[in-house]
$ cat data.csv   # CSV, C-alpha atoms and all ligand atoms
chain,number,residue,atom,x,y,z
A,680,MET,CA,12.3,-11.1,20.3
A,681,THR,CA,9.2,-12.3,18.6
A,682,LEU,CA,7.3,-9.8,16.4
A,683,LYS,CA,3.6,-9.8,17.2
A,684,ILE,CA,1.6,-9.5,14.0
A,685,GLY,CA,-2.1,-9.0,13.2
A,686,VAL,CA,-3.6,-10.1,9.9
A,687,ILE,CA,-6.5,-8.2,8.2
A,688,GLY,CA,-8.2,-10.4,5.5
A,689,ALA,CA,-8.3,-14.2,6.0
A,690,GLY,CA,-8.8,-15.2,2.4
A,691,ALA,CA,-6.4,-17.2,0.2
A,692,ILE,CA,-3.2,-15.2,0.7
A,693,GLY,CA,-4.1,-14.1,4.3
A,694,GLU,CA,-4.3,-17.7,5.3
A,695,ASP,CA,-1.1,-18.5,3.4
A,696,HIS,CA,0.8,-15.6,5.1
A,697,THR,CA,-0.6,-16.7,8.5
A,698,ARG,CA,0.8,-20.2,7.9
A,699,ARG,CA,4.1,-18.7,6.7
A,700,CYS,CA,4.5,-16.4,9.8
A,701,MET,CA,3.6,-19.3,12.2
A,702,GLN,CA,5.5,-22.1,10.4
A,703,VAL,CA,8.2,-20.7,8.1
A,704,VAL,CA,9.3,-17.3,9.1
A,705,SER,CA,11.5,-17.1,12.3
A,706,GLY,CA,10.8,-14.5,15.0
A,707,ALA,CA,7.2,-13.8,14.2
A,708,GLU,CA,3.8,-14.7,15.7
A,709,ILE,CA,0.3,-14.0,14.6
A,710,VAL,CA,-1.6,-12.7,17.6
A,711,ALA,CA,-4.8,-11.4,15.9
A,712,ILE,CA,-6.7,-12.1,12.7
A,713,THR,CA,-9.8,-10.5,11.4
A,714,ASP,CA,-12.0,-10.5,8.3
A,715,VAL,CA,-15.4,-9.1,7.3
A,716,ASN,CA,-16.3,-12.7,7.6
A,717,LEU,CA,-15.4,-13.3,11.3
A,718,ALA,CA,-16.1,-17.1,11.0
A,719,ARG,CA,-13.5,-17.3,8.3
A,720,ALA,CA,-11.0,-15.4,10.5
A,721,ARG,CA,-11.7,-17.8,13.4
A,722,GLU,CA,-11.2,-20.8,11.0
A,723,VAL,CA,-7.8,-19.6,9.9
A,724,ALA,CA,-6.8,-18.8,13.5
A,725,ASP,CA,-7.8,-22.2,14.7
A,726,LYS,CA,-5.8,-23.8,11.9
A,727,TYR,CA,-2.5,-21.9,12.3
A,728,ALA,CA,-2.7,-19.6,15.3
A,729,PRO,CA,-5.1,-20.9,17.9
A,730,ASP,CA,-4.1,-18.3,20.5
A,731,ALA,CA,-4.8,-15.4,18.2
A,732,LYS,CA,-7.6,-13.0,19.0
A,733,VAL,CA,-10.3,-12.3,16.4
A,734,PRO,CA,-11.2,-8.6,16.8
A,735,GLU,CA,-14.5,-7.4,15.1
A,736,SER,CA,-12.8,-5.1,12.7
A,737,GLY,CA,-9.5,-4.1,11.0
A,738,GLU,CA,-9.5,-0.9,13.0
A,739,ALA,CA,-10.0,-2.8,16.3
A,740,LEU,CA,-7.1,-5.1,15.4
A,741,ILE,CA,-4.7,-2.2,14.5
A,742,ALA,CA,-5.6,-0.6,17.9
A,743,LEU,CA,-4.7,-3.7,20.0
A,744,PRO,CA,-1.7,-2.7,22.1
A,745,GLU,CA,0.0,-6.1,21.6
A,746,VAL,CA,-0.1,-5.8,17.8
A,747,GLU,CA,3.2,-4.4,16.7
A,748,ALA,CA,2.9,-4.9,12.9
A,749,ILE,CA,0.0,-5.5,10.5
A,750,ILE,CA,-0.4,-7.6,7.4
A,751,VAL,CA,-3.1,-6.4,5.1
A,752,THR,CA,-4.5,-9.1,2.8
A,753,SER,CA,-8.1,-8.0,2.4
A,754,TRP,CA,-9.6,-7.0,-1.0
A,755,GLY,CA,-7.6,-4.4,-2.9
A,756,GLY,CA,-10.2,-1.7,-2.5
A,757,THR,CA,-9.9,-1.8,1.3
A,758,HIS,CA,-6.1,-1.7,1.6
A,759,ALA,CA,-5.7,2.1,1.7
A,760,GLN,CA,-8.0,2.6,4.8
A,761,TYR,CA,-6.1,0.0,6.8
A,762,VAL,CA,-2.6,1.3,5.7
A,763,LEU,CA,-3.6,4.9,6.7
A,764,GLU,CA,-5.0,3.6,10.0
A,765,ALA,CA,-1.8,1.7,10.8
A,766,LEU,CA,0.2,4.9,10.0
A,767,LYS,CA,-2.1,6.8,12.4
A,768,HIS,CA,-1.0,4.4,15.1
A,769,GLY,CA,2.7,4.6,14.0
A,770,LYS,CA,2.7,0.8,13.3
A,771,TYR,CA,4.5,-1.1,10.6
A,772,VAL,CA,2.4,-2.5,7.9
A,773,PHE,CA,2.9,-5.1,5.2
A,774,CYS,CA,0.3,-4.4,2.5
A,775,GLU,CA,-0.3,-7.0,-0.2
A,776,LYS,CA,-0.5,-5.5,-3.7
A,777,PRO,CA,-2.1,-3.2,-4.7
A,778,LEU,CA,-1.2,-0.5,-2.1
A,779,ALA,CA,-4.6,1.0,-3.2
A,780,THR,CA,-6.9,0.6,-6.2
A,781,GLU,CA,-6.9,4.4,-6.8
A,782,ALA,CA,-3.6,6.3,-7.5
A,783,GLU,CA,-5.0,9.1,-5.5
A,784,ASP,CA,-5.2,6.9,-2.4
A,785,CYS,CA,-1.6,5.8,-3.0
A,786,ARG,CA,-0.6,9.4,-3.1
A,787,LYS,CA,-2.3,10.0,0.2
A,788,ILE,CA,-0.4,7.1,1.8
A,789,VAL,CA,2.9,8.4,0.3
A,790,GLU,CA,2.3,11.9,1.6
A,791,THR,CA,1.2,10.7,5.1
A,792,GLU,CA,4.3,8.4,5.4
A,793,ALA,CA,6.6,11.1,4.2
A,794,ALA,CA,5.1,13.6,6.6
A,795,LEU,CA,5.7,11.1,9.5
A,796,GLY,CA,9.3,10.9,8.4
A,797,ARG,CA,9.5,7.2,9.2
A,798,ARG,CA,9.2,4.4,6.7
A,799,LEU,CA,6.5,2.1,8.0
A,800,VAL,CA,4.9,0.6,4.8
A,801,GLN,CA,6.1,-2.4,2.7
A,802,VAL,CA,4.1,-3.3,-0.3
A,803,GLY,CA,3.7,-7.0,-1.2
A,804,PHE,CA,5.5,-7.1,-4.5
A,805,MET,CA,7.4,-10.3,-4.2
A,806,ARG,CA,9.2,-10.7,-7.5
A,807,PRO,CA,12.3,-8.7,-6.3
A,808,TYR,CA,12.6,-11.5,-3.7
A,809,ASP,CA,12.7,-14.2,-6.4
A,810,SER,CA,16.2,-15.7,-6.8
A,811,GLY,CA,15.9,-15.7,-10.6
A,812,TYR,CA,15.1,-12.0,-10.8
A,813,ARG,CA,17.8,-11.2,-8.2
A,814,ALA,CA,20.4,-13.1,-10.3
A,815,LEU,CA,19.2,-11.2,-13.4
A,816,LYS,CA,19.5,-7.8,-11.7
A,817,LYS,CA,22.9,-8.6,-10.3
A,818,LEU,CA,24.2,-9.4,-13.7
A,819,ILE,CA,22.7,-6.2,-15.2
A,820,ASP,CA,24.1,-4.1,-12.4
A,821,ALA,CA,27.5,-5.6,-12.9
A,822,GLY,CA,27.4,-4.4,-16.5
A,823,GLU,CA,27.7,-8.0,-17.9
A,824,ILE,CA,25.4,-7.2,-20.9
A,825,GLY,CA,26.3,-3.6,-21.1
A,826,GLU,CA,23.6,-0.9,-21.1
A,827,VAL,CA,20.1,-2.4,-21.3
A,828,LEU,CA,18.2,-1.6,-24.6
A,829,MET,CA,15.1,-3.8,-24.6
A,830,VAL,CA,13.2,-6.3,-22.5
A,831,HIS,CA,10.9,-9.0,-23.9
A,832,ALA,CA,8.6,-10.5,-21.3
A,833,ALA,CA,5.6,-12.7,-21.0
A,834,HIS,CA,3.0,-13.4,-18.3
A,835,ARG,CA,0.9,-16.4,-19.1
A,836,ASN,CA,-1.8,-18.2,-17.1
A,837,ALA,CA,-3.4,-21.4,-18.1
A,838,ARG,CA,-6.9,-19.9,-17.9
A,839,VAL,CA,-9.0,-17.3,-15.9
A,840,GLY,CA,-12.5,-17.4,-14.6
A,841,GLU,CA,-15.7,-15.5,-15.4
A,842,ASN,CA,-15.0,-12.8,-12.8
A,843,TYR,CA,-11.6,-11.9,-14.4
A,844,THR,CA,-11.9,-8.7,-16.5
A,845,ILE,CA,-9.7,-7.1,-19.1
A,846,GLN,CA,-8.8,-4.4,-16.6
A,847,MET,CA,-7.6,-7.1,-14.2
A,848,SER,CA,-5.1,-8.3,-16.8
A,849,VAL,CA,-3.4,-5.0,-15.9
A,850,THR,CA,-4.2,-4.4,-12.3
A,851,ASP,CA,-3.8,-8.0,-11.1
A,852,THR,CA,-1.5,-9.6,-13.7
A,853,LEU,CA,0.7,-7.1,-15.5
A,854,VAL,CA,1.1,-5.1,-12.2
A,855,HIS,CA,3.9,-7.6,-11.1
A,856,GLU,CA,5.9,-6.8,-14.3
A,857,LEU,CA,5.2,-3.1,-13.8
A,858,ASP,CA,6.8,-3.3,-10.4
A,859,VAL,CA,9.7,-5.7,-11.0
A,860,PHE,CA,11.0,-3.9,-14.1
A,861,ARG,CA,11.2,-0.5,-12.3
A,862,TRP,CA,13.3,-2.3,-9.6
A,863,MET,CA,15.4,-4.4,-12.1
A,864,LEU,CA,16.2,-1.5,-14.3
A,865,ALA,CA,16.2,1.3,-11.7
A,866,ASP,CA,14.1,3.3,-14.2
A,867,ASP,CA,10.6,4.8,-14.5
A,868,TYR,CA,8.0,4.5,-17.3
A,869,VAL,CA,7.1,7.4,-19.5
A,870,SER,CA,4.6,5.9,-21.9
A,871,ALA,CA,2.4,2.8,-22.6
A,872,GLN,CA,0.6,1.4,-25.5
A,873,VAL,CA,-1.5,-1.8,-25.8
A,874,VAL,CA,-2.1,-3.8,-28.9
A,875,PHE,CA,-4.2,-6.9,-29.3
A,876,PRO,CA,-3.1,-9.8,-31.5
A,877,ARG,CA,-5.5,-12.3,-33.0
A,878,ARG,CA,-7.9,-13.3,-30.2
A,879,THR,CA,-7.7,-16.8,-28.8
A,880,SER,CA,-10.9,-18.9,-29.1
A,881,LYS,CA,-10.1,-20.2,-25.6
A,882,ALA,CA,-11.0,-16.9,-23.9
A,883,LEU,CA,-14.5,-16.2,-22.4
A,884,PRO,CA,-16.6,-13.9,-24.7
A,885,HIS,CA,-16.0,-10.8,-22.5
A,886,MET,CA,-12.2,-11.1,-22.7
A,887,ARG,CA,-9.7,-9.8,-25.3
A,888,ASP,CA,-6.8,-12.2,-24.9
A,889,PRO,CA,-3.8,-12.1,-25.5
A,890,GLN,CA,-2.5,-8.6,-25.5
A,891,ILE,CA,0.9,-6.9,-25.8
A,892,ILE,CA,1.8,-4.0,-23.6
A,893,MET,CA,4.6,-1.8,-24.8
A,894,LEU,CA,6.3,0.4,-22.2
A,895,GLU,CA,9.0,3.1,-22.7
A,896,THR,CA,11.3,4.2,-19.9
A,897,ARG,CA,13.0,7.4,-19.1
A,898,LYS,CA,16.3,5.9,-20.3
A,899,GLY,CA,14.6,5.0,-23.6
A,900,ILE,CA,14.5,1.2,-22.9
A,901,ARG,CA,11.6,-0.5,-24.7
A,902,ILE,CA,9.7,-3.2,-22.9
A,903,ASP,CA,7.1,-5.5,-24.4
A,904,VAL,CA,5.1,-7.7,-22.2
A,905,GLU,CA,2.8,-10.3,-23.6
A,906,VAL,CA,-0.1,-11.0,-21.2
A,907,PHE,CA,-1.9,-14.2,-22.2
A,908,VAL,CA,-4.2,-15.5,-19.5
A,909,ASN,CA,-5.8,-18.4,-21.3
A,910,CYS,CA,-2.7,-20.0,-22.8
A,911,GLN,CA,-4.0,-23.4,-21.6
A,912,TYR,CA,-0.6,-25.1,-20.9
A,913,GLY,CA,0.5,-23.6,-17.6
A,914,TYR,CA,1.7,-20.6,-15.6
A,915,ASP,CA,4.7,-19.3,-17.4
A,916,ILE,CA,6.8,-16.2,-16.7
A,917,LYS,CA,9.4,-15.1,-19.1
A,918,CYS,CA,11.8,-12.3,-19.2
A,919,ALA,CA,14.7,-11.6,-21.6
A,920,VAL,CA,16.9,-8.5,-21.2
A,921,VAL,CA,18.8,-7.4,-24.2
A,922,GLY,CA,21.8,-5.2,-23.7
A,923,GLU,CA,24.6,-3.7,-25.8
A,924,LEU,CA,26.8,-6.8,-25.2
A,925,GLY,CA,24.4,-9.7,-24.8
A,926,GLU,CA,21.1,-11.1,-23.6
A,927,ALA,CA,20.2,-12.2,-20.1
A,928,ILE,CA,17.3,-14.6,-19.6
A,929,LEU,CA,15.3,-15.2,-16.4
A,930,PRO,CA,16.0,-18.8,-15.3
A,931,LEU,CA,13.2,-21.2,-15.1
A,932,PRO,CA,12.4,-22.9,-11.8
A,933,ALA,CA,14.4,-26.2,-11.5
A,934,ALA,CA,12.4,-29.1,-12.8
A,935,VAL,CA,13.4,-32.7,-13.4
A,936,GLU,CA,14.0,-33.5,-17.1
A,937,VAL,CA,12.4,-36.7,-18.3
A,938,ARG,CA,13.6,-38.6,-21.3
A,939,LYS,CA,11.1,-41.2,-22.3
A,940,SER,CA,9.4,-42.7,-25.4
A,941,ALA,CA,11.7,-40.7,-27.7
A,942,LYS,CA,10.8,-37.5,-25.9
A,943,GLN,CA,12.6,-35.0,-23.6
A,944,SER,CA,10.4,-33.1,-21.3
A,945,CYS,CA,10.1,-31.2,-18.0
A,946,GLU,CA,7.0,-30.1,-16.1
A,947,ILE,CA,5.7,-26.5,-16.3
A,948,MET,CA,3.9,-25.2,-13.2
A,949,THR,CA,0.3,-24.4,-13.3
A,950,ASP,CA,-0.2,-22.6,-10.0
A,951,TRP,CA,1.3,-19.1,-9.4
A,952,LYS,CA,1.5,-19.9,-5.7
A,953,ASP,CA,4.1,-22.6,-6.4
A,954,ARG,CA,6.1,-20.5,-8.9
A,955,PHE,CA,6.9,-17.8,-6.4
A,956,ILE,CA,6.5,-19.8,-3.1
A,957,ALA,CA,10.2,-19.2,-2.1
A,958,ALA,CA,9.9,-15.5,-2.9
A,959,TYR,CA,6.9,-15.1,-0.5
A,960,ASP,CA,8.9,-16.8,2.3
A,961,VAL,CA,12.0,-14.6,1.8
A,962,GLU,CA,9.8,-11.5,1.4
A,963,LEU,CA,7.9,-12.0,4.7
A,964,GLN,CA,11.1,-12.9,6.6
A,965,ASP,CA,12.7,-9.7,5.3
A,966,PHE,CA,9.6,-7.7,6.5
A,967,VAL,CA,9.9,-9.2,10.0
A,968,ASP,CA,13.7,-8.6,10.1
A,969,GLY,CA,13.2,-5.1,8.7
A,970,VAL,CA,10.7,-4.2,11.4
A,971,LYS,CA,13.0,-5.4,14.1
A,972,ALA,CA,15.9,-3.5,12.7
A,973,GLY,CA,13.8,-0.4,12.1
A,974,LYS,CA,14.6,-0.5,8.4
A,975,LEU,CA,12.3,-2.0,5.8
A,976,ASN,CA,13.8,-3.1,2.4
A,977,GLY,CA,11.0,-4.2,0.1
A,978,ALA,CA,8.7,-2.2,-2.2
A,979,THR,CA,7.9,1.2,-0.7
A,980,SER,CA,4.7,3.2,-0.8
A,981,TRP,CA,6.3,5.2,-3.6
A,982,ASP,CA,6.8,2.0,-5.6
A,983,GLY,CA,3.1,1.1,-4.9
A,984,TYR,CA,2.1,4.6,-6.1
A,985,CYS,CA,4.2,4.2,-9.3
A,986,ALA,CA,2.8,0.8,-10.1
A,987,SER,CA,-0.7,2.1,-9.6
A,988,VAL,CA,-0.2,5.2,-11.9
A,989,ALA,CA,1.4,3.0,-14.6
A,990,ALA,CA,-1.5,0.5,-14.3
A,991,ASP,CA,-4.1,3.2,-14.7
A,992,VAL,CA,-2.4,4.4,-17.8
A,993,CYS,CA,-2.2,0.9,-19.3
A,994,VAL,CA,-5.9,0.4,-18.7
A,995,LYS,CA,-6.5,3.8,-20.5
A,996,ALA,CA,-4.2,2.5,-23.3
A,997,GLN,CA,-6.2,-0.7,-23.6
A,998,GLU,CA,-9.2,1.4,-24.4
A,999,SER,CA,-7.7,4.1,-26.6
A,1000,GLY,CA,-5.2,2.0,-28.6
A,1001,ARG,CA,-2.9,5.0,-28.5
A,1002,ILE,CA,0.5,5.7,-26.9
A,1003,GLU,CA,-0.4,7.2,-23.5
A,1004,PRO,CA,2.0,9.3,-21.5
A,1005,ILE,CA,2.8,8.1,-17.9
A,1006,THR,CA,3.4,11.0,-15.5
A,1007,MET,CA,4.1,10.7,-11.8
A,1008,MET,CA,4.0,13.3,-9.1
A,1009,ASP,CA,7.4,14.5,-8.0
A,1010,ARG,CA,9.0,11.9,-5.7
A,1011,PRO,CA,9.2,13.1,-2.1
A,1012,ALA,CA,12.9,13.3,-1.2
A,1013,PHE,CA,12.0,10.9,1.6
A,1014,TYR,CA,11.9,8.1,-1.0
A,1015,ASP,CA,15.1,8.9,-2.8
A,1016,ARG,CA,17.0,5.8,-3.7
B,1101,LIG,P1,-9.6,-13.5,-1.2
B,1101,LIG,O1,-10.8,-13.0,-1.8
B,1101,LIG,O2,-9.3,-15.0,-1.1
B,1101,LIG,O3,-9.4,-12.9,0.3
B,1101,LIG,C1,-9.8,-11.6,0.7
B,1101,LIG,C2,-10.4,-11.7,2.1
B,1101,LIG,O4,-10.5,-10.3,2.6
B,1101,LIG,C3,-11.7,-12.3,2.1
B,1101,LIG,O5,-11.8,-13.3,3.1
B,1101,LIG,C4,-12.7,-11.2,2.5
B,1101,LIG,O6,-13.8,-11.6,3.3
B,1101,LIG,C5,-11.7,-10.3,3.3
B,1101,LIG,N1,-12.2,-8.9,3.3
B,1101,LIG,C6,-12.7,-8.2,2.3
B,1101,LIG,N2,-12.9,-6.9,2.7
B,1101,LIG,C7,-12.5,-6.8,3.9
B,1101,LIG,C8,-12.4,-5.8,4.9
B,1101,LIG,N3,-12.9,-4.5,4.6
B,1101,LIG,N4,-11.9,-6.0,6.1
B,1101,LIG,C9,-11.5,-7.3,6.4
B,1101,LIG,N5,-11.5,-8.3,5.6
B,1101,LIG,C10,-12.0,-8.1,4.3
B,1101,LIG,O7,-8.4,-12.7,-2.0
B,1101,LIG,P2,-6.8,-13.1,-2.0
B,1101,LIG,O8,-6.5,-13.8,-3.2
B,1101,LIG,O9,-6.4,-13.6,-0.7
B,1101,LIG,O10,-6.2,-11.6,-2.3
B,1101,LIG,C11,-6.2,-10.6,-1.2
B,1101,LIG,C12,-5.2,-9.5,-1.6
B,1101,LIG,O11,-3.9,-10.1,-1.8
B,1101,LIG,C13,-5.6,-8.8,-3.0
B,1101,LIG,O12,-5.3,-7.5,-2.9
B,1101,LIG,C14,-4.7,-9.5,-4.0
B,1101,LIG,O13,-4.3,-8.6,-5.1
B,1101,LIG,C15,-3.4,-9.8,-3.1
B,1101,LIG,N6,-2.7,-10.9,-3.6
B,1101,LIG,C16,-1.3,-10.8,-3.9
B,1101,LIG,C17,-0.6,-11.8,-4.5
B,1101,LIG,C18,0.8,-11.6,-4.8
B,1101,LIG,O14,1.3,-12.4,-5.6
B,1101,LIG,N7,1.5,-10.7,-4.2
B,1101,LIG,C19,-1.2,-13.1,-4.7
B,1101,LIG,C20,-2.6,-13.2,-4.3
B,1101,LIG,C21,-3.3,-12.1,-3.8

$ encode --input "data.csv" --output "structure tokens" --more "lines below"
Ligand code: NAI
Amino acid sequence: MTLKIGVIGAGAIGEDHTRRCMQVVSGAEIVAITDVNLARAREVADKYAPDAKVPESGEALIALPEVEAIIVTSWGGTHAQYVLEALKHGKYVFCEKPLATEAEDCRKIVETEAALGRRLVQVGFMRPYDSGYRALKKLIDAGEIGEVLMVHAAHRNARVGENYTIQMSVTDTLVHELDVFRWMLADDYVSAQVVFPRRTSKALPHMRDPQIIMLETRKGIRIDVEVFVNCQYGYDIKCAVVGELGEAILPLPAAVEVRKSAKQSCEIMTDWKDRFIAAYDVELQDFVDGVKAGKLNGATSWDGYCASVAADVCVKAQESGRIEPITMMDRPAFYDR
């Protein structure tokens, strides 16, 4: 059986997920694509799914009887309306992160889905599908390094453009760490603090870069994440987990080692799309298989809510410089792990 999917938002990742569904994932087909820019939707359809319809709105796409599942890849601020609409139609929906830009909208989605009593939403946090993070979690869960005490992490981009704001360093960048550490440690955050080291001269004037975000979890694990988005040299994701018995370090993607002119070197990626390309493939295949099996596996609406609440508090901590508490609503029993 081929799962018939509609895509809302034909930008960079909407195009990439359309290509992925048509060319990489098995058992899926894109049957409709839309965008506020309909010409752009038609362009992506022509490129990867020439038979796809181009309905005039996201709502019209969701209502199409042949659309069995929806992928939402429009701008973050528009995600909640489409996810809620999909839930109204009882249709499965894969929503790129963030689930919503307001924690209140995430809460609405959580409550709506819990009231339906059926899990229909998967949030596009792809790091739990990365083979490196999976290996790390497996080792932690097997008790190989004992109880986890600390995590030292870094999220570095070569550079960011004028439209990138300091808040985005949390909501667009750090948010991946906020999600993956909850999953990797099976824990929740209780507080956040942000400190700013010496500012790099390579940042645009409106940016304070780098920064260090310090998180504390319920179990008392301390996590420090360096976010440095003008590091110049590449896209670099680091994670070292320190436990009672040892340290486990996220493996780097395989790269050829070159020995030449009295130097030993290997390439560092510069594009995030390449760094996690395999994870996106596995993630979407899992969504398609999950829909068919009636059981989704990836990040839940609850995970989307938790990431959003934690991100809001980190933004507050950027401004206040203080240790800010992170409090979540009670988790509906529906999402019990
Ligand atoms: P983009 O700006 O390239 O594309 C967004 C598209 O959505 C544009 O074509 C725009 O016209 C369309 N759009 C905006 N409002 C709309 C609406 N109300 N209805 C229909 N279409 C609408 O942005 P990009 O990079 O593709 O990101 C899209 C989403 O995916 C964002 O939420 C972003 O955070 C997320 N994302 C997630 C990544 C991940 O690693 N999981 C990576 C890149 C993006």

$ closest_atom_pairs --input "data.csv" --of "region 720-838 of chain A" --to "region 941-963 of chain A" --cutoff "7 Å" --atoms "all atoms listed in the file" --output "JSON lines"
{"residue": "A:Met805", "atom": "CA", "partner": "A:Ala958", "partner_atom": "CA", "distance": 5.9}
{"residue": "A:Arg806", "atom": "CA", "partner": "A:Ala958", "partner_atom": "CA", "distance": 6.7}
{"residue": "A:Tyr808", "atom": "CA", "partner": "A:Ala958", "partner_atom": "CA", "distance": 4.9}
{"residue": "A:Asp809", "atom": "CA", "partner": "A:Ala958", "partner_atom": "CA", "distance": 4.7}
{"residue": "A:Ala837", "atom": "CA", "partner": "A:Thr949", "partner_atom": "CA", "distance": 6.8}

$ write_last_selection --input "data.csv" --atoms "C-alpha atoms" --output "PDB file, keeping the file's coordinate frame"
ATOM      1  CA  MET A 805       7.400 -10.300  -4.200  1.00  0.00           C
ATOM      2  CA  ARG A 806       9.200 -10.700  -7.500  1.00  0.00           C
ATOM      3  CA  TYR A 808      12.600 -11.500  -3.700  1.00  0.00           C
ATOM      4  CA  ASP A 809      12.700 -14.200  -6.400  1.00  0.00           C
ATOM      5  CA  ALA A 837      -3.400 -21.400 -18.100  1.00  0.00           C
TER       6      ALA A 837
END

$ residues_around --input "data.csv" --residues "Tyr984 (chain A)" --least-positions-apart "2" --cutoff "8 Å" --atoms "all atoms listed in the file" --output "PDB file with C-alpha atoms, in the frame of the given file"
ATOM      1  CA  LEU A 778      -1.200  -0.500  -2.100  1.00  0.00           C
ATOM      2  CA  ALA A 782      -3.600   6.300  -7.500  1.00  0.00           C
ATOM      3  CA  CYS A 785      -1.600   5.800  -3.000  1.00  0.00           C
ATOM      4  CA  ARG A 786      -0.600   9.400  -3.100  1.00  0.00           C
ATOM      5  CA  VAL A 789       2.900   8.400   0.300  1.00  0.00           C
ATOM      6  CA  SER A 980       4.700   3.200  -0.800  1.00  0.00           C
ATOM      7  CA  TRP A 981       6.300   5.200  -3.600  1.00  0.00           C
ATOM      8  CA  ASP A 982       6.800   2.000  -5.600  1.00  0.00           C
ATOM      9  CA  ALA A 986       2.800   0.800 -10.100  1.00  0.00           C
ATOM     10  CA  SER A 987      -0.700   2.100  -9.600  1.00  0.00           C
ATOM     11  CA  VAL A 988      -0.200   5.200 -11.900  1.00  0.00           C
TER      12      VAL A 988
END

$ atom_distance --input "data.csv" --atom1 "CA of Leu766 (chain A)" --atom2 "CA of Leu853 (chain A)"
28.2 Å

$ residues_around --input "data.csv" --residues "region 1001-1008 of chain A" --least-positions-apart "3" --cutoff "9 Å" --atoms "only C-alpha atoms" --output "NGL selection string"
:A and (786 or 868-874 or 893 or 984-985 or 988-989 or 992-993 or 995-998 or 1011)

$ write_last_selection --input "data.csv" --atoms "C-alpha atoms" --output "PDB file, keeping the file's coordinate frame"
ATOM      1  CA  ARG A 786      -0.600   9.400  -3.100  1.00  0.00           C
ATOM      2  CA  TYR A 868       8.000   4.500 -17.300  1.00  0.00           C
ATOM      3  CA  VAL A 869       7.100   7.400 -19.500  1.00  0.00           C
ATOM      4  CA  SER A 870       4.600   5.900 -21.900  1.00  0.00           C
ATOM      5  CA  ALA A 871       2.400   2.800 -22.600  1.00  0.00           C
ATOM      6  CA  GLN A 872       0.600   1.400 -25.500  1.00  0.00           C
ATOM      7  CA  VAL A 873      -1.500  -1.800 -25.800  1.00  0.00           C
ATOM      8  CA  VAL A 874      -2.100  -3.800 -28.900  1.00  0.00           C
ATOM      9  CA  MET A 893       4.600  -1.800 -24.800  1.00  0.00           C
ATOM     10  CA  TYR A 984       2.100   4.600  -6.100  1.00  0.00           C
ATOM     11  CA  CYS A 985       4.200   4.200  -9.300  1.00  0.00           C
ATOM     12  CA  VAL A 988      -0.200   5.200 -11.900  1.00  0.00           C
ATOM     13  CA  ALA A 989       1.400   3.000 -14.600  1.00  0.00           C
ATOM     14  CA  VAL A 992      -2.400   4.400 -17.800  1.00  0.00           C
ATOM     15  CA  CYS A 993      -2.200   0.900 -19.300  1.00  0.00           C
ATOM     16  CA  LYS A 995      -6.500   3.800 -20.500  1.00  0.00           C
ATOM     17  CA  ALA A 996      -4.200   2.500 -23.300  1.00  0.00           C
ATOM     18  CA  GLN A 997      -6.200  -0.700 -23.600  1.00  0.00           C
ATOM     19  CA  GLU A 998      -9.200   1.400 -24.400  1.00  0.00           C
ATOM     20  CA  PRO A1011       9.200  13.100  -2.100  1.00  0.00           C
TER      21      PRO A1011
END

$ residues_around --input "data.csv" --residues "region 753-763 of chain A" --least-positions-apart "4" --cutoff "8 Å" --atoms "only C-alpha atoms" --output "list in words"
Ile687, Gly688, Ala689, Gly690, Gly693, Asp714, Gly737, Glu738, Lys767, Val772, Cys774, Lys776, Pro777, Leu778, Ala779, Thr780, Asp784, Cys785, Ile788, Thr791 and Val800 of chain A

$ closest_residue --input "data.csv" --among "A:Val839, A:Gly983, A:Glu747, A:Asp730" --to "Lys787 (chain A)" --atoms "all atoms listed in the file"
A:Gly983

$ closest_residue --input "data.csv" --among "A:Ala933, A:Ala978, A:Ala707, A:Val904" --to "Arg861 (chain A)" --atoms "all atoms listed in the file"
A:Ala978

$ atom_distance --input "data.csv" --atom1 "CA of Val686 (chain A)" --atom2 "CA of Ile709 (chain A)"
7.2 Å

$ residues_around --input "data.csv" --residues "Gly769 (chain A)" --least-positions-apart "6" --cutoff "12 Å" --atoms "all atoms listed in the file" --output "PyMOL selection string"
chain A and resi 741-742+744+746-749+762-763+791-792+794-800

$ write_last_selection --input "data.csv" --atoms "C-alpha atoms" --output "PDB file, keeping the file's coordinate frame"
ATOM      1  CA  ILE A 741      -4.700  -2.200  14.500  1.00  0.00           C
ATOM      2  CA  ALA A 742      -5.600  -0.600  17.900  1.00  0.00           C
ATOM      3  CA  PRO A 744      -1.700  -2.700  22.100  1.00  0.00           C
ATOM      4  CA  VAL A 746      -0.100  -5.800  17.800  1.00  0.00           C
ATOM      5  CA  GLU A 747       3.200  -4.400  16.700  1.00  0.00           C
ATOM      6  CA  ALA A 748       2.900  -4.900  12.900  1.00  0.00           C
ATOM      7  CA  ILE A 749       0.000  -5.500  10.500  1.00  0.00           C
ATOM      8  CA  VAL A 762      -2.600   1.300   5.700  1.00  0.00           C
ATOM      9  CA  LEU A 763      -3.600   4.900   6.700  1.00  0.00           C
ATOM     10  CA  THR A 791       1.200  10.700   5.100  1.00  0.00           C
ATOM     11  CA  GLU A 792       4.300   8.400   5.400  1.00  0.00           C
ATOM     12  CA  ALA A 794       5.100  13.600   6.600  1.00  0.00           C
ATOM     13  CA  LEU A 795       5.700  11.100   9.500  1.00  0.00           C
ATOM     14  CA  GLY A 796       9.300  10.900   8.400  1.00  0.00           C
ATOM     15  CA  ARG A 797       9.500   7.200   9.200  1.00  0.00           C
ATOM     16  CA  ARG A 798       9.200   4.400   6.700  1.00  0.00           C
ATOM     17  CA  LEU A 799       6.500   2.100   8.000  1.00  0.00           C
ATOM     18  CA  VAL A 800       4.900   0.600   4.800  1.00  0.00           C
TER      19      VAL A 800
END
